[in-house]
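> I have a structure I would like to understand better, so I am pasting it below and will then ask my questions one at a time.
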Amino acid sequence: MRFPYRTLMVQGTTSDAGKSTIVAALCRLLKRRGVQVAPFKPQNMALNSAVTIDGGEIGRAQALQAIAAGVPAHTDMNPVLLKPSSDIGAQVIIHGKVRGDMNARDYHQYKTVAMAAVLESHERLLAQYETVIVEGAGSPAEINLRDRDIANMGFAEAVDCPVILCADIDRGGVFAHIVGTLSCLSESERNRIIGFVINRFRGDIKLLEPGLDWLEAQTGKPVLAVLPYLHGLFLDAEDAVQAVQAERGAFRIVVPSLPRMSNHTDFDALRAHPEVDLRFVRKGEAIPPADLIVLPGSKNTRADLAALKEGGWPQAIARHLRYGGKVIGICGGFQMLGRHVADPHGVEGLAGADEGLGLLEMETVLTQEKRLAQVSGACTFAPAVVSGYEIHMGVSSGAALAQPAFTIAGRSEGALSADGQVMGTYLHGLFDHPEAGQALLRWAGLATQREVDTATLREASLERLADACQPLLGALLDQKTVT
């Protein structure tokens with residue numbers, strides 16, 4: 001089957017309307033039919049990222065969509081990635097490589113350069129694949145961001161592609177969202193919207209039909225599909241931490257929800273483990289007793305270290321260790337475990353240095369070069385394979401590294417304290433490999449025989465998602481045939 005659209009874009013009336021999952025579903029549906037398809041997001045703002053086959057960095061959602069399409073993740077699939085380092089600034093990544101930190105005003109001026117990178121990547125994907133399914137960002141109705149837009153209608157107009165507009169009915173106000181969005185668009189932008197998708201519906205469709213009829217009469221555009229609310233999907237989140245935490249088993253793991261926490265997808269395997277009670281502790285919440293405390297990655301290590309201290313975590317961790325608990329630090333969390341964290345070049349903010357938690361004999365200096373690598377190796381504390389990826393700007397040194405947590409391609413990686421209670425590593429995704437996940441939980445004190453295979457869970461969820469979105473693909477094919 002040939003899909004009739006060379007480029008098709010999915011935009012949303014709001015953030016988290018379901019754009020990422022709809023793109024993933026369409027990629028999987030087209031893959032099933034033998035179409036060579038690639039995902040694409042011109043500009044993404046997210047702290048969850050992935051390392052690509054060409055050694056760059058893209059948003060985690062595009063890596064998931066590449067899995068759905070059955071193709072290797074490549075930097076062309078997300079040519080512009082913004083990783084917020086403060087409320088007004090972000091690290092700007094173009095074609096997988098850091099270009100620098102910019103505030104919102106400077107980046108707005110930079111958008112003409114960014115758009116050139118976006119169009120270049122789109123052209124390369126079109127040359128390699130039959131179809132490109134594009135994900136917008138936020139909403140096209142954000143008037144203050146319309147000038148030099150590269151993420152939504154600005155891109156769609158530049159490449160002259162059709163657009164699907166999706167809205168989340170579970171939020172409420174779905175008809176107002178759609179009609180209001182249309183009213184904020186120019187005539188040419190409204191004309192390129194070929195139809196609507198109403199997402200996350202639960203209930204009796206008969207009760208919704210009068211609203212659908214009204215919407216089609218009001219706008220002159222069809223509702224292409226009403227998609228169900230799917231519970232229990234195991235899919236990589238683009239950015240936000242899920243509000244509902246797993247409270248399944250007796251083994252409690254707590255994670256501080258730091259202001260600039262990055263790659264919280266590291267905890268997805270733990271979230272899915274039936275014997276684990278995983279909890280993110282937000283600012284102002286009491287720190288509960290735990291078997292394992294995990295310090296997550298961070299886009300701004302020193303600022304998050306300050307937040308950790310402000311929240312009373314050093315005292316809680318010290319008490320936790322006195323009672324025999326275990327601690328793991330991942331990436332930025334690993335850096336916090338040492339004696340000092342220095343940022344002489346102002347890589348993540350103001351230049352300076354801070355005292356760390358002092359749990360490992362090491363120091364970290366943040367550098368201007370970012371290490372990006374997909375890696376695999378073995379655990380030093382158990383006969384288990386580990387795999388993951390590194391995304392960090394910093395070099396750690398000190399006596400603690402003489403006792404590594406892992407060996408990667410013949411080199412030592414991370415650190416394990418002499419008393420065996422504290423572990424640090426630069427590896428993201430370390431719980432994802434079933435062997436490593438089980439070994440790490442056993443090290444932490446859970447005598448488990450269970451393994452969680454995240455790849456299998458993800459694949460099953462993509463298939464389930466695609467099945468639910470089959471009516472959308474059918475509507476797109478039927479509409480193209482009619483028009």
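Going through the structure tokens in order, the chains are called A, B, and so on, while each chain numbers its residues from 1 and the ligands are numbered from 1 in the order shown.
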List as a VMD selection string the protein and nucleic acid residues near A:Ala127, meaning an atom at most 12 Å away when only C-alpha atoms are counted, but skip any in the same chain fewer than 6 places from it.
chain A and resid 6 to 7 36 to 38 76 120 to 121
> Contacts of stretch 221-227 of chain A at 10 Å or less, counting only C-alpha atoms, minus same-chain residues fewer than 6 places along, as a VMD selection string?
chain A and resid 22 164 to 169 190 to 191 193 to 202 205 208 212 to 213 215 465 468 to 476 478 to 479
> Any chance you can output those residues with C-alpha atoms as an mmCIF file, in the first residue's frame?

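Result file is result-v5.cif:
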data_model
loop_
_atom_site.group_PDB
_atom_site.id
_atom_site.type_symbol
_atom_site.label_atom_id
_atom_site.label_comp_id
_atom_site.auth_asym_id
_atom_site.auth_seq_id
_atom_site.Cartn_x
_atom_site.Cartn_y
_atom_site.Cartn_z
ATOM 1 C CA ILE A 22 -0.900 9.498 17.458
ATOM 2 C CA ILE A 164 -4.597 16.833 11.521
ATOM 3 C CA LEU A 165 -5.730 18.714 14.632
ATOM 4 C CA CYS A 166 -6.156 16.591 17.757
ATOM 5 C CA ALA A 167 -7.783 17.494 21.072
ATOM 6 C CA ASP A 168 -8.020 15.734 24.438
ATOM 7 C CA ILE A 169 -11.667 15.277 25.471
ATOM 8 C CA ARG A 190 -7.255 26.711 8.510
ATOM 9 C CA ASN A 191 -7.474 25.410 4.947
ATOM 10 C CA ILE A 193 -6.388 21.242 8.392
ATOM 11 C CA ILE A 194 -7.990 18.164 6.843
ATOM 12 C CA GLY A 195 -9.865 17.015 9.933
ATOM 13 C CA PHE A 196 -9.976 16.491 13.665
ATOM 14 C CA VAL A 197 -9.100 13.694 16.066
ATOM 15 C CA ILE A 198 -10.796 13.593 19.459
ATOM 16 C CA ASN A 199 -8.516 11.734 21.812
ATOM 17 C CA ARG A 200 -8.922 9.897 25.142
ATOM 18 C CA PHE A 201 -12.686 9.357 24.968
ATOM 19 C CA ARG A 202 -14.396 7.142 27.522
ATOM 20 C CA ILE A 205 -20.163 7.305 21.766
ATOM 21 C CA LEU A 208 -20.993 12.324 21.826
ATOM 22 C CA LEU A 212 -19.552 15.710 16.522
ATOM 23 C CA ASP A 213 -22.346 16.678 14.115
ATOM 24 C CA LEU A 215 -18.539 20.482 15.138
ATOM 25 C CA LEU A 465 -2.038 1.768 20.403
ATOM 26 C CA ALA A 468 -6.916 1.574 18.608
ATOM 27 C CA CYS A 469 -5.893 4.099 15.914
ATOM 28 C CA GLN A 470 -6.796 1.890 12.964
ATOM 29 C CA PRO A 471 -10.028 3.907 12.325
ATOM 30 C CA LEU A 472 -7.911 7.052 11.912
ATOM 31 C CA LEU A 473 -5.781 5.462 9.212
ATOM 32 C CA GLY A 474 -8.922 4.201 7.490
ATOM 33 C CA ALA A 475 -10.456 7.678 7.568
ATOM 34 C CA LEU A 476 -7.307 9.226 6.110
ATOM 35 C CA ASP A 478 -11.016 7.147 2.611
ATOM 36 C CA GLN A 479 -10.806 10.933 2.703
#
> Find the residues of stretch 421-459 of chain A that sit at most 12 Å from stretch 43-53 of chain A; for each, write down the nearest two atoms and how far apart they are in Å, to one decimal. Count only C-alpha atoms. Sort by chain, then by number going up, and give it as a Markdown table.

| residue | atom | partner | partner_atom | distance |
| --- | --- | --- | --- | --- |
| A:Leu427 | CA | A:Val51 | CA | 11.8 |
| A:His428 | CA | A:Ala50 | CA | 9.3 |
| A:Gly429 | CA | A:Ala50 | CA | 9.9 |
> For stretch 138-146 of chain A, work out the shell of residues within 12 Å, counting only C-alpha atoms and skipping chain neighbours fewer than 6 positions away, then give it as a ChimeraX atom specification.
/A:9-20,41,43-46,104-105,107-108,111,152-157,163-167,177-186,189-190,193
> Kindly export the residues of the current selection with N, CA and C atoms, as a short mmCIF file (atom, residue, chain, number, x, y, z; two decimals), in the first residue's frame.

data_model
loop_
_atom_site.label_atom_id
_atom_site.label_comp_id
_atom_site.auth_asym_id
_atom_site.auth_seq_id
_atom_site.Cartn_x
_atom_site.Cartn_y
_atom_site.Cartn_z
N MET A 9 1.13 16.15 9.03
CA MET A 9 1.47 16.72 10.33
C MET A 9 0.33 16.56 11.32
N VAL A 10 0.67 16.22 12.56
CA VAL A 10 -0.30 16.12 13.65
C VAL A 10 -0.03 17.28 14.61
N GLN A 11 -1.01 18.17 14.73
CA GLN A 11 -0.91 19.27 15.69
C GLN A 11 -1.98 19.08 16.75
N GLY A 12 -1.83 19.78 17.87
CA GLY A 12 -2.77 19.63 18.97
C GLY A 12 -3.31 20.97 19.44
N THR A 13 -4.48 20.94 20.03
CA THR A 13 -5.06 22.18 20.57
C THR A 13 -4.35 22.61 21.84
N THR A 14 -3.67 21.68 22.50
CA THR A 14 -2.94 21.96 23.73
C THR A 14 -1.71 21.06 23.79
N SER A 15 -0.82 21.35 24.71
CA SER A 15 0.23 20.39 25.02
C SER A 15 -0.42 19.14 25.61
N ASP A 16 0.20 18.00 25.40
CA ASP A 16 -0.27 16.72 25.93
C ASP A 16 -1.67 16.36 25.42
N ALA A 17 -1.99 16.78 24.20
CA ALA A 17 -3.27 16.40 23.61
C ALA A 17 -3.22 15.00 23.00
N GLY A 18 -2.02 14.45 22.87
CA GLY A 18 -1.88 13.12 22.30
C GLY A 18 -1.13 13.09 20.99
N LYS A 19 -0.47 14.17 20.63
CA LYS A 19 0.26 14.23 19.36
C LYS A 19 1.31 13.12 19.25
N SER A 20 2.11 12.97 20.30
CA SER A 20 3.20 12.00 20.26
C SER A 20 2.69 10.58 20.02
N LYS A 41 9.87 15.68 14.28
CA LYS A 41 9.39 16.80 15.08
C LYS A 41 10.36 17.94 14.88
N GLN A 43 10.77 20.96 16.16
CA GLN A 43 11.32 21.54 17.40
C GLN A 43 10.68 20.88 18.60
N ASN A 44 11.51 20.43 19.51
CA ASN A 44 11.01 19.78 20.71
C ASN A 44 11.62 20.47 21.92
N MET A 45 10.84 20.67 22.96
CA MET A 45 11.36 21.15 24.23
C MET A 45 11.10 20.07 25.26
N ALA A 46 12.17 19.42 25.72
CA ALA A 46 12.02 18.29 26.63
C ALA A 46 13.32 18.01 27.34
N ALA A 104 15.07 33.10 26.00
CA ALA A 104 13.94 33.03 25.05
C ALA A 104 14.06 34.08 23.96
N ARG A 105 14.49 35.28 24.32
CA ARG A 105 14.59 36.36 23.33
C ARG A 105 15.68 36.07 22.30
N TYR A 107 16.86 33.11 21.48
CA TYR A 107 16.46 31.98 20.63
C TYR A 107 15.44 32.43 19.58
N HIS A 108 14.56 33.35 19.93
CA HIS A 108 13.59 33.84 18.95
C HIS A 108 14.32 34.43 17.74
N LYS A 111 15.79 31.68 15.41
CA LYS A 111 14.87 30.75 14.76
C LYS A 111 15.05 30.67 13.25
N ASN A 152 4.97 24.52 14.34
CA ASN A 152 3.59 24.17 13.99
C ASN A 152 3.26 24.64 12.58
N MET A 153 2.37 25.63 12.47
CA MET A 153 1.93 26.07 11.14
C MET A 153 3.05 26.72 10.32
N GLY A 154 4.04 27.30 11.02
CA GLY A 154 5.16 27.86 10.27
C GLY A 154 5.85 26.80 9.45
N PHE A 155 6.03 25.62 10.03
CA PHE A 155 6.62 24.51 9.28
C PHE A 155 5.65 24.00 8.21
N ALA A 156 4.38 23.80 8.60
CA ALA A 156 3.41 23.25 7.66
C ALA A 156 3.27 24.13 6.42
N GLU A 157 3.28 25.46 6.63
CA GLU A 157 3.19 26.38 5.50
C GLU A 157 4.45 26.31 4.65
N VAL A 163 -2.60 18.97 7.67
CA VAL A 163 -2.50 18.91 9.12
C VAL A 163 -3.74 18.24 9.70
N ILE A 164 -3.53 17.36 10.67
CA ILE A 164 -4.60 16.83 11.52
C ILE A 164 -4.54 17.59 12.84
N LEU A 165 -5.68 18.03 13.35
CA LEU A 165 -5.73 18.71 14.63
C LEU A 165 -6.36 17.79 15.66
N CYS A 166 -5.62 17.49 16.73
CA CYS A 166 -6.16 16.59 17.76
C CYS A 166 -6.41 17.35 19.04
N ALA A 167 -7.40 16.86 19.81
CA ALA A 167 -7.78 17.49 21.07
C ALA A 167 -8.11 16.40 22.08
N HIS A 177 -11.96 23.99 22.47
CA HIS A 177 -10.54 23.93 22.12
C HIS A 177 -10.37 23.93 20.60
N ILE A 178 -11.16 23.12 19.92
CA ILE A 178 -11.01 23.00 18.47
C ILE A 178 -11.46 24.27 17.76
N VAL A 179 -12.66 24.75 18.08
CA VAL A 179 -13.17 25.94 17.41
C VAL A 179 -12.32 27.16 17.76
N GLY A 180 -11.89 27.25 19.01
CA GLY A 180 -11.04 28.36 19.41
C GLY A 180 -9.70 28.35 18.70
N THR A 181 -9.12 27.17 18.53
CA THR A 181 -7.85 27.07 17.81
C THR A 181 -8.01 27.53 16.37
N LEU A 182 -9.07 27.07 15.71
CA LEU A 182 -9.30 27.48 14.32
C LEU A 182 -9.44 28.99 14.21
N SER A 183 -10.09 29.62 15.17
CA SER A 183 -10.33 31.06 15.09
C SER A 183 -9.04 31.85 15.22
N CYS A 184 -7.99 31.24 15.77
CA CYS A 184 -6.70 31.93 15.93
C CYS A 184 -5.78 31.76 14.72
N LEU A 185 -6.20 30.96 13.76
CA LEU A 185 -5.36 30.67 12.60
C LEU A 185 -5.71 31.57 11.42
N SER A 186 -4.76 31.73 10.52
CA SER A 186 -5.03 32.45 9.28
C SER A 186 -5.86 31.57 8.35
N GLU A 189 -3.89 28.70 6.92
CA GLU A 189 -3.62 27.68 7.93
C GLU A 189 -4.85 26.83 8.21
N ARG A 190 -6.01 27.48 8.30
CA ARG A 190 -7.25 26.71 8.51
C ARG A 190 -7.50 25.77 7.35
N ILE A 193 -5.90 22.24 7.43
CA ILE A 193 -6.39 21.24 8.39
C ILE A 193 -7.42 20.36 7.69
#
> Just list as a ChimeraX atom specification whatever in stretch 116-185 of chain A DSSP marks as strand (DSSP E or B).
/A:131-135,163-168
> With N, CA and C atoms retained, export the selected residues as a short mmCIF file (atom, residue, chain, number, x, y, z; two decimals), in the first residue's frame.

data_model
loop_
_atom_site.label_atom_id
_atom_site.label_comp_id
_atom_site.auth_asym_id
_atom_site.auth_seq_id
_atom_site.Cartn_x
_atom_site.Cartn_y
_atom_site.Cartn_z
N THR A 131 7.18 8.25 3.41
CA THR A 131 6.26 9.14 4.13
C THR A 131 6.93 9.63 5.40
N VAL A 132 6.65 10.88 5.75
CA VAL A 132 7.14 11.47 7.00
C VAL A 132 5.91 11.92 7.80
N ILE A 133 5.78 11.41 9.01
CA ILE A 133 4.68 11.81 9.91
C ILE A 133 5.26 12.78 10.93
N VAL A 134 4.71 13.99 10.94
CA VAL A 134 5.29 15.10 11.70
C VAL A 134 4.47 15.38 12.95
N GLU A 135 5.17 15.64 14.06
CA GLU A 135 4.51 16.04 15.30
C GLU A 135 4.75 17.52 15.56
N VAL A 163 -2.60 18.97 7.67
CA VAL A 163 -2.50 18.91 9.12
C VAL A 163 -3.74 18.24 9.70
N ILE A 164 -3.53 17.36 10.67
CA ILE A 164 -4.60 16.83 11.52
C ILE A 164 -4.54 17.59 12.84
N LEU A 165 -5.68 18.03 13.35
CA LEU A 165 -5.73 18.71 14.63
C LEU A 165 -6.36 17.79 15.66
N CYS A 166 -5.62 17.49 16.73
CA CYS A 166 -6.16 16.59 17.76
C CYS A 166 -6.41 17.35 19.04
N ALA A 167 -7.40 16.86 19.81
CA ALA A 167 -7.78 17.49 21.07
C ALA A 167 -8.11 16.40 22.08
N ASP A 168 -7.82 16.70 23.35
CA ASP A 168 -8.02 15.73 24.44
C ASP A 168 -9.37 16.00 25.11
#
> Rounded to one decimal place, report the atom CA of A:Arg32-atom CA of A:Pro4 distance in Å.
15.7 Å
> Residues within 10 Å of A:Met336, please, as a PyMOL selection string. Count only C-alpha atoms; anything in the same chain fewer than 2 positions from it doesn't count.
chain A and resi 295-298+301-302+304-306+308+329-334+338-341+354-360+362-364+424
> Print the selection's residues with N, CA and C atoms to a file, as a PDB file, in the first residue's frame.

ATOM      1  N   LEU A 295      18.837   9.230  43.136  1.00  0.00           N
ATOM      2  CA  LEU A 295      18.964  10.621  42.711  1.00  0.00           C
ATOM      3  C   LEU A 295      19.009  10.637  41.191  1.00  0.00           C
ATOM      4  N   PRO A 296      18.073  11.340  40.542  1.00  0.00           N
ATOM      5  CA  PRO A 296      17.941  11.251  39.084  1.00  0.00           C
ATOM      6  C   PRO A 296      18.926  12.146  38.345  1.00  0.00           C
ATOM      7  N   GLY A 297      18.903  12.039  37.026  1.00  0.00           N
ATOM      8  CA  GLY A 297      19.673  12.944  36.193  1.00  0.00           C
ATOM      9  C   GLY A 297      19.150  14.362  36.305  1.00  0.00           C
ATOM     10  N   SER A 298      19.976  15.312  35.882  1.00  0.00           N
ATOM     11  CA  SER A 298      19.615  16.721  36.015  1.00  0.00           C
ATOM     12  C   SER A 298      20.182  17.520  34.849  1.00  0.00           C
ATOM     13  N   THR A 301      22.805  20.576  37.381  1.00  0.00           N
ATOM     14  CA  THR A 301      23.200  19.794  38.557  1.00  0.00           C
ATOM     15  C   THR A 301      23.331  20.648  39.804  1.00  0.00           C
ATOM     16  N   ARG A 302      23.997  21.789  39.701  1.00  0.00           N
ATOM     17  CA  ARG A 302      24.220  22.610  40.895  1.00  0.00           C
ATOM     18  C   ARG A 302      22.909  23.195  41.426  1.00  0.00           C
ATOM     19  N   ASP A 304      19.903  21.894  41.025  1.00  0.00           N
ATOM     20  CA  ASP A 304      19.132  20.797  41.618  1.00  0.00           C
ATOM     21  C   ASP A 304      19.761  20.307  42.911  1.00  0.00           C
ATOM     22  N   LEU A 305      21.091  20.383  43.020  1.00  0.00           N
ATOM     23  CA  LEU A 305      21.755  20.047  44.277  1.00  0.00           C
ATOM     24  C   LEU A 305      21.316  21.011  45.376  1.00  0.00           C
ATOM     25  N   ALA A 306      21.199  22.300  45.019  1.00  0.00           N
ATOM     26  CA  ALA A 306      20.718  23.293  45.988  1.00  0.00           C
ATOM     27  C   ALA A 306      19.283  22.978  46.418  1.00  0.00           C
ATOM     28  N   LEU A 308      17.931  20.045  46.427  1.00  0.00           N
ATOM     29  CA  LEU A 308      18.014  18.834  47.249  1.00  0.00           C
ATOM     30  C   LEU A 308      18.340  19.205  48.704  1.00  0.00           C
ATOM     31  N   GLY A 329      22.943   7.143  42.438  1.00  0.00           N
ATOM     32  CA  GLY A 329      22.908   8.423  41.747  1.00  0.00           C
ATOM     33  C   GLY A 329      23.142   8.202  40.268  1.00  0.00           C
ATOM     34  N   ILE A 330      22.267   8.758  39.432  1.00  0.00           N
ATOM     35  CA  ILE A 330      22.360   8.586  37.987  1.00  0.00           C
ATOM     36  C   ILE A 330      22.737   9.917  37.340  1.00  0.00           C
ATOM     37  N   CYS A 331      23.812   9.938  36.593  1.00  0.00           N
ATOM     38  CA  CYS A 331      24.262  11.101  35.827  1.00  0.00           C
ATOM     39  C   CYS A 331      24.429  12.320  36.750  1.00  0.00           C
ATOM     40  N   GLY A 332      23.563  13.324  36.644  1.00  0.00           N
ATOM     41  CA  GLY A 332      23.661  14.466  37.546  1.00  0.00           C
ATOM     42  C   GLY A 332      23.558  14.047  38.996  1.00  0.00           C
ATOM     43  N   GLY A 333      22.723  13.049  39.272  1.00  0.00           N
ATOM     44  CA  GLY A 333      22.616  12.520  40.624  1.00  0.00           C
ATOM     45  C   GLY A 333      23.916  11.882  41.094  1.00  0.00           C
ATOM     46  N   PHE A 334      24.648  11.248  40.178  1.00  0.00           N
ATOM     47  CA  PHE A 334      25.972  10.697  40.461  1.00  0.00           C
ATOM     48  C   PHE A 334      26.936  11.828  40.829  1.00  0.00           C
ATOM     49  N   GLY A 338      29.355  13.246  45.035  1.00  0.00           N
ATOM     50  CA  GLY A 338      30.762  13.504  45.316  1.00  0.00           C
ATOM     51  C   GLY A 338      30.993  14.645  46.291  1.00  0.00           C
ATOM     52  N   ARG A 339      32.284  15.018  46.426  1.00  0.00           N
ATOM     53  CA  ARG A 339      32.672  16.092  47.349  1.00  0.00           C
ATOM     54  C   ARG A 339      32.332  17.468  46.803  1.00  0.00           C
ATOM     55  N   HIS A 340      32.571  17.673  45.510  1.00  0.00           N
ATOM     56  CA  HIS A 340      32.341  18.989  44.921  1.00  0.00           C
ATOM     57  C   HIS A 340      31.824  18.846  43.499  1.00  0.00           C
ATOM     58  N   VAL A 341      31.039  19.840  43.057  1.00  0.00           N
ATOM     59  CA  VAL A 341      30.632  19.973  41.654  1.00  0.00           C
ATOM     60  C   VAL A 341      31.016  21.387  41.227  1.00  0.00           C
ATOM     61  N   ASP A 354      30.079  24.066  44.109  1.00  0.00           N
ATOM     62  CA  ASP A 354      29.286  23.778  45.301  1.00  0.00           C
ATOM     63  C   ASP A 354      29.765  22.482  45.932  1.00  0.00           C
ATOM     64  N   GLU A 355      29.587  22.393  47.235  1.00  0.00           N
ATOM     65  CA  GLU A 355      29.848  21.133  47.925  1.00  0.00           C
ATOM     66  C   GLU A 355      28.772  20.126  47.577  1.00  0.00           C
ATOM     67  N   GLY A 356      29.205  18.892  47.317  1.00  0.00           N
ATOM     68  CA  GLY A 356      28.257  17.833  47.057  1.00  0.00           C
ATOM     69  C   GLY A 356      27.808  17.175  48.361  1.00  0.00           C
ATOM     70  N   LEU A 357      27.250  15.991  48.245  1.00  0.00           N
ATOM     71  CA  LEU A 357      26.748  15.279  49.415  1.00  0.00           C
ATOM     72  C   LEU A 357      27.858  14.550  50.166  1.00  0.00           C
ATOM     73  N   GLY A 358      29.024  14.410  49.537  1.00  0.00           N
ATOM     74  CA  GLY A 358      30.166  13.808  50.217  1.00  0.00           C
ATOM     75  C   GLY A 358      30.039  12.326  50.480  1.00  0.00           C
ATOM     76  N   LEU A 359      29.251  11.632  49.684  1.00  0.00           N
ATOM     77  CA  LEU A 359      29.055  10.191  49.894  1.00  0.00           C
ATOM     78  C   LEU A 359      30.022   9.353  49.074  1.00  0.00           C
ATOM     79  N   LEU A 360      30.681   9.966  48.090  1.00  0.00           N
ATOM     80  CA  LEU A 360      31.708   9.287  47.302  1.00  0.00           C
ATOM     81  C   LEU A 360      32.939  10.191  47.224  1.00  0.00           C
ATOM     82  N   MET A 362      35.065  11.765  45.312  1.00  0.00           N
ATOM     83  CA  MET A 362      35.295  12.206  43.935  1.00  0.00           C
ATOM     84  C   MET A 362      34.856  13.655  43.787  1.00  0.00           C
ATOM     85  N   GLU A 363      35.301  14.269  42.706  1.00  0.00           N
ATOM     86  CA  GLU A 363      34.898  15.620  42.340  1.00  0.00           C
ATOM     87  C   GLU A 363      34.491  15.615  40.871  1.00  0.00           C
ATOM     88  N   THR A 364      33.625  16.556  40.516  1.00  0.00           N
ATOM     89  CA  THR A 364      33.166  16.665  39.132  1.00  0.00           C
ATOM     90  C   THR A 364      33.380  18.086  38.635  1.00  0.00           C
ATOM     91  N   GLY A 424      27.080   5.066  42.076  1.00  0.00           N
ATOM     92  CA  GLY A 424      26.894   6.171  41.144  1.00  0.00           C
ATOM     93  C   GLY A 424      27.266   5.746  39.741  1.00  0.00           C
TER      94      GLY A 424
END
> Excluding A:Leu446 and any residue of its chain fewer than 3 positions from it, enumerate the residues within 12 Å of it, using only C-alpha atoms, and give them as a list of chain:residue names.
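Here the qualifying residues turn out to be A:Gly249, A:Ala250, A:Phe251, A:Arg252, A:Ile253, A:His273, A:Pro274, A:Glu275, A:Val276, A:Asp277, A:Ala290, A:Asp291, A:Leu292, A:Gly325, A:Lys326, A:Gly437, A:Gln438, A:Ala439, A:Leu440, A:Leu441, A:Arg442, A:Trp443, A:Gln449, A:Arg450.
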> Would you output that residue set with N, CA and C atoms, as a compact mmCIF listing (two decimals), in the first residue's frame?

# COMPACT_ATOMS: atom_id res chain seq x y z
N GLY A 249 4.25 -3.08 45.12
CA GLY A 249 4.89 -4.02 46.02
C GLY A 249 5.33 -3.38 47.32
N ALA A 250 5.99 -4.17 48.14
CA ALA A 250 6.40 -3.72 49.46
C ALA A 250 7.76 -3.03 49.43
N PHE A 251 8.54 -3.22 48.34
CA PHE A 251 9.87 -2.64 48.26
C PHE A 251 9.75 -1.20 47.76
N ARG A 252 10.07 -0.25 48.65
CA ARG A 252 9.82 1.15 48.32
C ARG A 252 11.08 1.84 47.79
N ILE A 253 10.91 2.49 46.65
CA ILE A 253 11.97 3.31 46.04
C ILE A 253 11.45 4.73 45.95
N HIS A 273 7.51 -2.74 37.73
CA HIS A 273 7.85 -3.94 38.49
C HIS A 273 6.78 -4.22 39.54
N PRO A 274 6.23 -5.43 39.56
CA PRO A 274 5.11 -5.73 40.49
C PRO A 274 5.50 -5.75 41.96
N GLU A 275 6.79 -5.82 42.27
CA GLU A 275 7.21 -5.87 43.67
C GLU A 275 7.72 -4.53 44.18
N VAL A 276 7.62 -3.51 43.35
CA VAL A 276 8.19 -2.19 43.68
C VAL A 276 7.10 -1.16 43.88
N ASP A 277 7.26 -0.36 44.93
CA ASP A 277 6.43 0.83 45.17
C ASP A 277 7.33 2.04 44.87
N ALA A 290 12.32 4.49 53.01
CA ALA A 290 12.50 3.78 51.74
C ALA A 290 13.55 2.69 51.89
N ASP A 291 13.51 1.74 50.97
CA ASP A 291 14.57 0.75 50.85
C ASP A 291 15.70 1.27 49.96
N LEU A 292 15.33 2.05 48.95
CA LEU A 292 16.31 2.58 48.00
C LEU A 292 15.94 4.02 47.66
N GLY A 325 19.98 1.40 54.35
CA GLY A 325 19.41 1.60 53.03
C GLY A 325 20.47 1.80 51.97
N LYS A 326 20.06 1.75 50.71
CA LYS A 326 20.97 1.91 49.58
C LYS A 326 20.62 3.20 48.82
N GLY A 437 18.37 -4.92 35.60
CA GLY A 437 17.32 -4.47 36.49
C GLY A 437 17.16 -5.37 37.69
N GLN A 438 17.16 -6.68 37.45
CA GLN A 438 17.04 -7.63 38.56
C GLN A 438 18.27 -7.56 39.47
N ALA A 439 19.46 -7.44 38.87
CA ALA A 439 20.69 -7.40 39.67
C ALA A 439 20.74 -6.16 40.55
N LEU A 440 20.31 -5.02 40.01
CA LEU A 440 20.32 -3.78 40.78
C LEU A 440 19.34 -3.84 41.94
N LEU A 441 18.17 -4.41 41.71
CA LEU A 441 17.19 -4.54 42.79
C LEU A 441 17.68 -5.51 43.85
N ARG A 442 18.35 -6.57 43.45
CA ARG A 442 18.91 -7.50 44.42
C ARG A 442 19.99 -6.82 45.24
N TRP A 443 20.84 -6.04 44.59
CA TRP A 443 21.87 -5.26 45.30
C TRP A 443 21.22 -4.33 46.33
N GLN A 449 12.87 -12.60 42.01
CA GLN A 449 13.12 -13.51 40.89
C GLN A 449 12.51 -12.95 39.60
N ARG A 450 11.89 -11.77 39.72
CA ARG A 450 11.17 -11.20 38.59
C ARG A 450 12.08 -10.33 37.74
> Do you have the atom CA of A:Met261-atom CA of A:Ser85 distance handy?
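Between atom CA of A:Met261 and atom CA of A:Ser85 the gap works out to 10.0 Å.
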